[in-house]
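Undergrad: Pasting a structure here, questions to come.
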Amino acid sequence: MNFKEEIIEVLAKETTLSEEELANVLSIPPDPKLGHYAFPCFKLGKNAKEEAEKLKEKLKLPEFVAKVEVAGPYLNFFIKPQSMAKETLTSIYQQAKHYGQPTKYKGKRIVIEYCGPNTNKPLHLGHIRNMALGNSVCRILSFIGNEVHPVNIINDRGIHICQSMLAYQKWGRGKEPDKKGDHFVGDFYVLFAKHAKESEKQAEILKNEAQELLLKWERNDKDTRALWKKMNSWVLVGFAETYQRFGISFEKEYSESDYYMHGKELVYEGLKKGIFHKDPKNGAIVAPLQQFKLPDKVLLRGDDTSIYITQDMYLAAMRYREFKFQQMMYVVASEQRLHFQQLFKILELLGKEYAKEMYHLSYGLVNLPTGRMKSREGTVVDADDIMDEVAEMAKVEIKKRHPHLAQHEVTERADQIALAAIKFFMLKTDTDKDIVYNPEESLSFEGETGPYLQYTYVRTCSLLRKAKKEHHLQPTYPINFEAFTAEEELAILRKLSAFPETILKTAEMKKPHILAAYLIALAQAFNEFYHQCPVLSDDKNQTKARLLLVDCVRQVLENGLNLLGIPAPQEM
C-alpha cells in the first residue's frame, strides 16, 4: 500500500482537483507534530482554513489514518503507527533492492551526456562534480523506470589540443609517457602556457605556431594527424582508468573530430526556410533570437566554417536518429547556460520534434579554498590526485582503528571511503550553487558526509552480525508491529516510509542533493535510536521488531548510497 496514493484517492473524491494536481501538492510536513501528510487547501476556495474545515467533515478516512487535523490552511493526515510500521517494513522486506521504485510511472527513453573532457589535459575537480552528478542522475532515473543511455563527448580537436601537441614537438623529444597518459600530455599543455608567459613576442610566436598546426590538422597533414592520434590515445587510456576508478561508464563516446564538419546542412535548411538570415556585412548565417529574449547567434561564419553550436545541432539530430530519445539531457556547467538556451530554441525553430524534450542540467563551479582553478597555470586539482589524496588520508584513519589490518584491505577500504567522501560532497549541495571543495571536511566521519553514511551502514551490518553470531538471531518476518512505541523507532519509520517519495522528487527535479539530505536525516535518526534503544534484550518481541527495523534501515541506506554511486561497505 502507498499511503500517499490512497490519501490522494480519498481527496480526489471530495474535491475538484485531479489526482495529478493532488500529487503535486500533498507533501510531508517538516515537523512530525503536523502529521505524516499535509494537504494545502488554497485551491478549494477563497478562505483556505474554512475549506480545510469543510473538507475534514466530508472525508471518509481510510483504516490506516488515525486522525486529520486542520492547521491554518492545511489539512494534516496522521497515520496509525502500527499501519505505518506494517506497510513500510513489509514493503522493504519484500522489495529489498527495489524498494523505492514507483508503481505508477511511465518511463522515458533518456540520453544523458556528461563528463565532456578535452584531450589536452587530465580530468580535474570540475569533472568530478560533473561525473558524480551525471552518474547519480543516470542511476536515479533508471531506478524509477526510465531507459537511460549515458553518453560522453570527447573534445579532441581545436587550438588547445594543438598547444599540447606543439609543446610536445618542441620539448618532448619523442619521449613516451612515464606516467599516466593524460597527466603526461597535460604537462605539455602547462609547458606551452609557461613558455608563452616568457614574453609577448614568445607568446605571439607560439600562438601562431599552434594556429599553423591546427591548419595542418584540418588539411589532414600526415605527420600532424599521426602525432594527434598518438597523444589522444595516451589521454583516452588515462581517462578510461579514471572512469573505472570513479565507478562510471558510458554506453557510447562521441569524438568531436568525427563530426565537427557536419551541421551545415541544418543551417542551410533554416536559411532556405527563412528561419535564419545572412548578415550583409560579413556573410555569416545568423539565427535571430532576440524576440525570444536571447542574443542572436552566428551559426556559420562568413567563410562558411562552422562553430561549436553548429556541431551540437548535428549531434542532437544524430542522437535522435540513433536512440529515438524522448529526452536528451546535457550535464554541463552553468557557464554554458546561454549556449543551450540558444541551441534548444534554434532546433525548435527548425521544427525538430525532439527540441522541446532537450534539457540542460546546469551546475555551479567547483572552487578550492585558495580560489578558482586555472588549467594553463597548472593550478587545477586533477581528479586522480584528489582521489589519491583523500584515499591516503582515509588510510591514516583506518590504520588508527585497525592497526593489524592487511595492507590490501586498508587500500580497498580507503578507496571506498575516498569515493564516498568526494562524491557525497559534490552531490549534497544544490546543483545551482557553486561549491568550495575541502578534502578534510569531506572525509569526516561526523556531520553531513559520505563516510558518515557509510559508517552508519556499517553499524547496521555490525549489529546484525552480532545478533547472528552471539545470539543466533536474524531479521525475521512477520513481527508484532505494535511493538514500536519509542519515539526514536517512530522517527525511523517515518523516514523509511518517505523513501519512495524522496526518490520520485529527486528524479523529477533532477537534484541528487534531495536524496543526499534524506540519507543524512535517516542516518541521524538511526544513530539516535542506536544510542537510546537497545536492539538485543530479554524482550523477544521487541528484539525481533528492532532487528527487522535495523535490517530495513540497512537496506534503504544501501539503496540510497547506490543511487548516488557510493559504495556501501560492510566494514570500515
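Residue numbers start at 1 in each chain; chains themselves are named A, B, ... in the order of the C-alpha cells; ligands are numbered from 1 in the order shown.
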Tyr114 (chain A): which residues within 10 Å, counting only C-alpha atoms, same-chain residues fewer than 6 positions away excluded, as a list in words?

TA: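 The residues that qualify are His127, Asn130, Met131, Ala132, Leu133, Gly134, Asn135, Cys138, Pro150, Val151, Asn152, Ile153, Phe250, Met329, Tyr330, Val331, Val332 and Leu361 of chain A.
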
Undergrad: Which residues are close to Leu213 (chain A), i.e. within 9 Å by only C-alpha atoms, leaving aside same-chain residues fewer than 5 positions away? Reply as a PyMOL selection string.

TA: chain A and resi 159+162-163+165-166+208+218+224

Undergrad: Could you save the residues just selected, with C-alpha atoms, as a short mmCIF file (atom, residue, chain, number, x, y, z; two decimals), in the first residue's frame?

TA:
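The result, written out as part_37.cif:
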data_model
loop_
_atom_site.label_atom_id
_atom_site.label_comp_id
_atom_site.auth_asym_id
_atom_site.auth_seq_id
_atom_site.Cartn_x
_atom_site.Cartn_y
_atom_site.Cartn_z
CA ILE A 159 43.60 25.08 -30.70
CA CYS A 162 47.33 21.77 -30.79
CA GLN A 163 49.02 23.71 -27.99
CA MET A 165 50.98 18.91 -29.47
CA LEU A 166 53.23 21.87 -30.26
CA ASN A 208 50.97 31.47 -34.50
CA GLU A 218 42.46 20.41 -40.75
CA THR A 224 50.33 16.10 -37.71
#

Undergrad: So which residues touch Thr242 (chain A) within 12 Å, counting only C-alpha atoms, skipping near sequence neighbours fewer than 4 positions away, as a list in words?

TA: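 So, after excluding close chain neighbours, the residues are Cys115, Pro117, Pro122, Leu123, His124, His127, Ile128, Met131, Lys180, Gly181, Asp182, His183, Val235, Leu236, Val237, Gly238, Phe246, Gly247, Ile248, Ser249, Asp382, Ala383, Asp384, Asp385, Ile386, Met387, Asp388 and Leu419 of chain A.
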
Undergrad: Emit the selected residues as a PDB file, in the first residue's frame, including N, CA and C atoms.

TA:
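For reference, part-v3.pdb as written:
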ATOM      1  N   CYS A 115      30.298  14.475 -18.528  1.00  0.00           N
ATOM      2  CA  CYS A 115      31.766  14.478 -18.486  1.00  0.00           C
ATOM      3  C   CYS A 115      32.347  15.478 -19.491  1.00  0.00           C
ATOM      4  N   PRO A 117      35.275  15.757 -21.564  1.00  0.00           N
ATOM      5  CA  PRO A 117      36.634  16.268 -21.355  1.00  0.00           C
ATOM      6  C   PRO A 117      37.322  16.709 -22.642  1.00  0.00           C
ATOM      7  N   PRO A 122      44.380  16.188 -18.046  1.00  0.00           N
ATOM      8  CA  PRO A 122      43.623  15.186 -17.277  1.00  0.00           C
ATOM      9  C   PRO A 122      42.262  15.713 -16.845  1.00  0.00           C
ATOM     10  N   LEU A 123      41.411  14.799 -16.437  1.00  0.00           N
ATOM     11  CA  LEU A 123      40.154  15.184 -15.795  1.00  0.00           C
ATOM     12  C   LEU A 123      40.478  15.904 -14.495  1.00  0.00           C
ATOM     13  N   HIS A 124      39.700  16.929 -14.160  1.00  0.00           N
ATOM     14  CA  HIS A 124      40.010  17.716 -12.965  1.00  0.00           C
ATOM     15  C   HIS A 124      38.825  17.760 -12.006  1.00  0.00           C
ATOM     16  N   HIS A 127      35.400  18.196 -13.357  1.00  0.00           N
ATOM     17  CA  HIS A 127      34.865  16.976 -13.957  1.00  0.00           C
ATOM     18  C   HIS A 127      34.317  16.036 -12.880  1.00  0.00           C
ATOM     19  N   ILE A 128      34.935  16.056 -11.714  1.00  0.00           N
ATOM     20  CA  ILE A 128      34.463  15.178 -10.646  1.00  0.00           C
ATOM     21  C   ILE A 128      33.026  15.526 -10.257  1.00  0.00           C
ATOM     22  N   MET A 131      30.883  14.296 -13.148  1.00  0.00           N
ATOM     23  CA  MET A 131      30.749  12.837 -13.198  1.00  0.00           C
ATOM     24  C   MET A 131      29.873  12.312 -12.065  1.00  0.00           C
ATOM     25  N   LYS A 180      50.824   8.329 -16.043  1.00  0.00           N
ATOM     26  CA  LYS A 180      49.501   8.150 -16.647  1.00  0.00           C
ATOM     27  C   LYS A 180      49.376   9.079 -17.866  1.00  0.00           C
ATOM     28  N   GLY A 181      48.872   8.535 -18.985  1.00  0.00           N
ATOM     29  CA  GLY A 181      48.924   9.243 -20.259  1.00  0.00           C
ATOM     30  C   GLY A 181      48.299  10.617 -20.276  1.00  0.00           C
ATOM     31  N   ASP A 182      47.153  10.796 -19.609  1.00  0.00           N
ATOM     32  CA  ASP A 182      46.501  12.108 -19.614  1.00  0.00           C
ATOM     33  C   ASP A 182      47.305  13.130 -18.814  1.00  0.00           C
ATOM     34  N   HIS A 183      47.973  12.682 -17.768  1.00  0.00           N
ATOM     35  CA  HIS A 183      48.831  13.574 -16.990  1.00  0.00           C
ATOM     36  C   HIS A 183      50.074  13.957 -17.805  1.00  0.00           C
ATOM     37  N   VAL A 235      45.939   9.920 -23.817  1.00  0.00           N
ATOM     38  CA  VAL A 235      44.969  10.580 -22.937  1.00  0.00           C
ATOM     39  C   VAL A 235      43.746   9.701 -22.699  1.00  0.00           C
ATOM     40  N   LEU A 236      43.221   9.112 -23.766  1.00  0.00           N
ATOM     41  CA  LEU A 236      41.990   8.324 -23.642  1.00  0.00           C
ATOM     42  C   LEU A 236      42.179   7.090 -22.774  1.00  0.00           C
ATOM     43  N   VAL A 237      43.359   6.475 -22.839  1.00  0.00           N
ATOM     44  CA  VAL A 237      43.653   5.348 -21.950  1.00  0.00           C
ATOM     45  C   VAL A 237      43.660   5.829 -20.499  1.00  0.00           C
ATOM     46  N   GLY A 238      44.235   7.024 -20.273  1.00  0.00           N
ATOM     47  CA  GLY A 238      44.242   7.602 -18.923  1.00  0.00           C
ATOM     48  C   GLY A 238      42.843   7.913 -18.425  1.00  0.00           C
ATOM     49  N   PHE A 246      36.439   5.765 -10.678  1.00  0.00           N
ATOM     50  CA  PHE A 246      35.339   6.579 -10.162  1.00  0.00           C
ATOM     51  C   PHE A 246      34.006   5.832 -10.214  1.00  0.00           C
ATOM     52  N   GLY A 247      34.005   4.687 -10.896  1.00  0.00           N
ATOM     53  CA  GLY A 247      32.786   3.873 -10.931  1.00  0.00           C
ATOM     54  C   GLY A 247      31.771   4.298 -11.965  1.00  0.00           C
ATOM     55  N   ILE A 248      32.250   4.814 -13.113  1.00  0.00           N
ATOM     56  CA  ILE A 248      31.312   5.222 -14.168  1.00  0.00           C
ATOM     57  C   ILE A 248      31.702   4.568 -15.489  1.00  0.00           C
ATOM     58  N   SER A 249      30.737   4.503 -16.391  1.00  0.00           N
ATOM     59  CA  SER A 249      30.996   4.010 -17.742  1.00  0.00           C
ATOM     60  C   SER A 249      29.972   4.631 -18.673  1.00  0.00           C
ATOM     61  N   ASP A 382      43.852  17.770 -10.252  1.00  0.00           N
ATOM     62  CA  ASP A 382      43.452  16.661 -11.115  1.00  0.00           C
ATOM     63  C   ASP A 382      42.580  15.680 -10.345  1.00  0.00           C
ATOM     64  N   ALA A 383      41.636  15.059 -11.065  1.00  0.00           N
ATOM     65  CA  ALA A 383      40.722  14.098 -10.448  1.00  0.00           C
ATOM     66  C   ALA A 383      41.484  12.948  -9.786  1.00  0.00           C
ATOM     67  N   ASP A 384      42.491  12.434 -10.478  1.00  0.00           N
ATOM     68  CA  ASP A 384      43.277  11.327  -9.909  1.00  0.00           C
ATOM     69  C   ASP A 384      43.983  11.756  -8.633  1.00  0.00           C
ATOM     70  N   ASP A 385      44.526  12.965  -8.656  1.00  0.00           N
ATOM     71  CA  ASP A 385      45.283  13.439  -7.498  1.00  0.00           C
ATOM     72  C   ASP A 385      44.388  13.608  -6.276  1.00  0.00           C
ATOM     73  N   ILE A 386      43.175  14.129  -6.505  1.00  0.00           N
ATOM     74  CA  ILE A 386      42.295  14.334  -5.354  1.00  0.00           C
ATOM     75  C   ILE A 386      41.828  12.979  -4.809  1.00  0.00           C
ATOM     76  N   MET A 387      41.608  11.994  -5.683  1.00  0.00           N
ATOM     77  CA  MET A 387      41.237  10.663  -5.200  1.00  0.00           C
ATOM     78  C   MET A 387      42.390  10.035  -4.431  1.00  0.00           C
ATOM     79  N   ASP A 388      43.613  10.234  -4.931  1.00  0.00           N
ATOM     80  CA  ASP A 388      44.796   9.716  -4.228  1.00  0.00           C
ATOM     81  C   ASP A 388      44.941  10.361  -2.850  1.00  0.00           C
ATOM     82  N   LEU A 419      35.920   7.565  -2.249  1.00  0.00           N
ATOM     83  CA  LEU A 419      34.851   7.799  -3.219  1.00  0.00           C
ATOM     84  C   LEU A 419      33.613   8.369  -2.540  1.00  0.00           C
TER      85      LEU A 419
END

Undergrad: Skip Glu389 (chain A) itself and residues of its chain fewer than 6 positions away, then list as an NGL selection string all residues within 12 Å of it, counting only C-alpha atoms.

TA: :A and (381-383 or 395-396 or 414-415 or 417-419 or 421-422 or 438-440 or 442-443)

Undergrad: For Val148 (chain A), which of A:Ala316, A:Ile275, A:Met328, A:Leu493 is the closest residue, counting only C-alpha atoms?

TA: A:Met328

Undergrad: Provide the CA of Ala287 (chain A) to CA of Leu299 (chain A) distance in Å, to one decimal place.

TA: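 Result for CA of Ala287 (chain A) versus CA of Leu299 (chain A): 6.8 Å, one decimal.
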
Undergrad: Could you jot down the CA of Pro295 (chain A) to CA of Asp312 (chain A) separation for me, Å, one decimal place?

TA: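 Distance between the two atoms: 17.6 Å.
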
Undergrad: Please provide the set of residues having any atom within 7 Å of Tyr259 (chain A), restricted to only C-alpha atoms, with same-chain residues fewer than 3 positions apart removed, written as a ChimeraX atom specification.

TA: /A:256,262,311

Undergrad: Which residues are close to Ala167 (chain A), i.e. within 7 Å by only C-alpha atoms, leaving aside same-chain residues fewer than 4 positions away? Reply as JSON, numbers by chain.

TA: {"A": [163, 171, 188, 189, 191, 192]}

Undergrad: So that I can see what lies close to Ala568 (chain A), please list as a list in words the residues with an atom at most 7 Å from it, counting only C-alpha atoms and leaving out residues fewer than 4 positions away in the same chain.

TA: Gln454, Tyr457, Glu558 and Leu561 of chain A

Undergrad: For those residues, write C-alpha atoms to a file as an mmCIF file, in the first residue's frame.

TA:
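result.cif written:
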data_model
loop_
_atom_site.group_PDB
_atom_site.id
_atom_site.type_symbol
_atom_site.label_atom_id
_atom_site.label_comp_id
_atom_site.auth_asym_id
_atom_site.auth_seq_id
_atom_site.Cartn_x
_atom_site.Cartn_y
_atom_site.Cartn_z
ATOM 1 C CA GLN A 454 28.991 4.541 5.252
ATOM 2 C CA TYR A 457 25.554 1.489 7.198
ATOM 3 C CA GLU A 558 22.240 0.679 0.692
ATOM 4 C CA LEU A 561 24.001 5.093 -1.480
#

Undergrad: Counting only C-alpha atoms, which residue out of A:Thr119, A:Ser537, A:Asn480, A:Gln542 sits closest to Ala85 (chain A)?

TA: A:Asn480

Undergrad: Any chance you could list, as a ChimeraX atom specification, the residues in region 216-395 of chain A that come up strand (DSSP E) when DSSP is run on the backbone?

TA: /A:252-255,277-278,285-287,297-300,327-333,358-363,366-367

Undergrad: Save out the residues we just selected, N, CA, C and O atoms, as a compact mmCIF listing (two decimals), in the first residue's frame.

TA:
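The result, stored in out33.txt:
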# COMPACT_ATOMS: atom_id res chain seq x y z
N LYS A 252 28.18 5.00 -25.05
CA LYS A 252 28.81 5.43 -26.29
C LYS A 252 29.57 6.72 -26.05
O LYS A 252 29.13 7.59 -25.29
N GLU A 253 30.72 6.85 -26.70
CA GLU A 253 31.50 8.07 -26.63
C GLU A 253 31.63 8.66 -28.04
O GLU A 253 31.96 7.95 -28.99
N TYR A 254 31.34 9.95 -28.15
CA TYR A 254 31.42 10.65 -29.42
C TYR A 254 32.67 11.52 -29.45
O TYR A 254 32.95 12.23 -28.47
N SER A 255 33.39 11.49 -30.56
CA SER A 255 34.58 12.33 -30.71
C SER A 255 34.25 13.52 -31.58
O SER A 255 33.69 13.36 -32.68
N HIS A 277 19.08 34.10 -41.32
CA HIS A 277 19.38 35.08 -42.37
C HIS A 277 20.89 35.32 -42.46
O HIS A 277 21.63 35.00 -41.53
N LYS A 278 21.31 35.88 -43.60
CA LYS A 278 22.71 36.21 -43.78
C LYS A 278 22.97 37.64 -43.35
O LYS A 278 22.19 38.55 -43.66
N ILE A 285 25.85 33.40 -41.39
CA ILE A 285 24.44 32.99 -41.26
C ILE A 285 24.08 33.05 -39.78
O ILE A 285 24.76 32.46 -38.94
N VAL A 286 22.99 33.77 -39.49
CA VAL A 286 22.64 34.09 -38.10
C VAL A 286 21.24 33.60 -37.77
O VAL A 286 20.33 33.68 -38.59
N ALA A 287 21.08 33.10 -36.55
CA ALA A 287 19.75 32.76 -36.02
C ALA A 287 19.24 33.96 -35.23
O ALA A 287 19.85 34.34 -34.23
N LYS A 297 22.48 34.44 -32.70
CA LYS A 297 23.60 33.50 -32.69
C LYS A 297 24.11 33.23 -34.10
O LYS A 297 23.34 32.83 -34.98
N VAL A 298 25.42 33.45 -34.30
CA VAL A 298 26.05 33.08 -35.56
C VAL A 298 26.14 31.56 -35.63
O VAL A 298 26.59 30.90 -34.69
N LEU A 299 25.70 30.99 -36.77
CA LEU A 299 25.72 29.54 -36.96
C LEU A 299 26.81 29.10 -37.93
O LEU A 299 27.37 28.02 -37.79
N LEU A 300 27.05 29.94 -38.94
CA LEU A 300 28.17 29.71 -39.86
C LEU A 300 28.87 31.04 -40.09
O LEU A 300 28.22 32.07 -40.31
N GLN A 327 13.88 12.23 -24.25
CA GLN A 327 14.52 13.37 -23.61
C GLN A 327 16.03 13.26 -23.82
O GLN A 327 16.59 12.17 -23.75
N MET A 328 16.63 14.40 -24.11
CA MET A 328 18.09 14.49 -24.25
C MET A 328 18.58 15.46 -23.18
O MET A 328 18.16 16.61 -23.14
N MET A 329 19.44 14.97 -22.30
CA MET A 329 19.89 15.78 -21.18
C MET A 329 21.40 16.04 -21.27
O MET A 329 22.18 15.11 -21.53
N TYR A 330 21.79 17.29 -21.07
CA TYR A 330 23.19 17.67 -21.09
C TYR A 330 23.60 18.09 -19.67
O TYR A 330 23.05 19.04 -19.13
N VAL A 331 24.56 17.38 -19.10
CA VAL A 331 25.08 17.74 -17.78
C VAL A 331 26.33 18.59 -18.02
O VAL A 331 27.41 18.07 -18.30
N VAL A 332 26.15 19.89 -17.95
CA VAL A 332 27.22 20.83 -18.29
C VAL A 332 27.16 22.02 -17.33
O VAL A 332 26.07 22.42 -16.90
N ALA A 333 28.31 22.57 -16.99
CA ALA A 333 28.39 23.66 -16.02
C ALA A 333 27.54 24.87 -16.42
O ALA A 333 27.23 25.08 -17.60
N MET A 358 14.59 18.59 -24.80
CA MET A 358 16.01 18.71 -24.50
C MET A 358 16.17 19.52 -23.22
O MET A 358 15.44 20.48 -22.99
N TYR A 359 17.13 19.12 -22.40
CA TYR A 359 17.24 19.68 -21.05
C TYR A 359 18.70 19.89 -20.69
O TYR A 359 19.53 19.00 -20.88
N HIS A 360 19.00 21.07 -20.17
CA HIS A 360 20.35 21.37 -19.69
C HIS A 360 20.36 21.24 -18.17
O HIS A 360 19.75 22.04 -17.47
N LEU A 361 21.03 20.21 -17.67
CA LEU A 361 21.21 20.06 -16.23
C LEU A 361 22.45 20.86 -15.85
O LEU A 361 23.58 20.39 -15.94
N SER A 362 22.19 22.07 -15.44
CA SER A 362 23.26 23.03 -15.14
C SER A 362 23.75 22.86 -13.70
O SER A 362 22.96 22.54 -12.82
N TYR A 363 25.03 23.07 -13.49
CA TYR A 363 25.56 23.00 -12.12
C TYR A 363 26.62 24.07 -11.93
O TYR A 363 27.26 24.53 -12.88
N VAL A 366 33.19 24.39 -9.19
CA VAL A 366 33.89 23.87 -8.01
C VAL A 366 35.17 24.67 -7.84
O VAL A 366 36.01 24.70 -8.73
N ASN A 367 35.30 25.32 -6.71
CA ASN A 367 36.50 26.08 -6.42
C ASN A 367 37.26 25.44 -5.26
O ASN A 367 36.75 24.57 -4.55

Undergrad: Just checking: using only C-alpha atoms, which residue out of A:Gln291, A:Gln95, A:Gln341, A:Asn118 ends up closest to Asn232 (chain A)?

TA: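 Selected residue with least distance to Asn232 (chain A): A:Asn118.
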
Undergrad: DSSP says helix (DSSP H, G or I) for which residues of region 112-206 of chain A? Put them as a PyMOL selection string?

TA: chain A and resi 125-143+159-171+181-196+200-206

Undergrad: Record the distance separating CA of Ser334 (chain A) and CA of Ala517 (chain A), expressed in Å with one decimal.

TA: 22.6 Å

Undergrad: Could you check which of A:Leu547, A:Leu34, A:Cys41, A:Leu214 is closest to Leu11 (chain A), using only C-alpha atoms?

TA: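 Answer, going by the shortest atom-to-atom distance: A:Cys41.
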
Undergrad: Choose the residue, out of A:Leu289, A:Ala48, A:Ile307, A:Ala491, that has the smallest atom-to-atom separation from Lys33 (chain A); count only C-alpha atoms.

TA: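 Smallest separation from Lys33 (chain A) among the options: A:Ala491.
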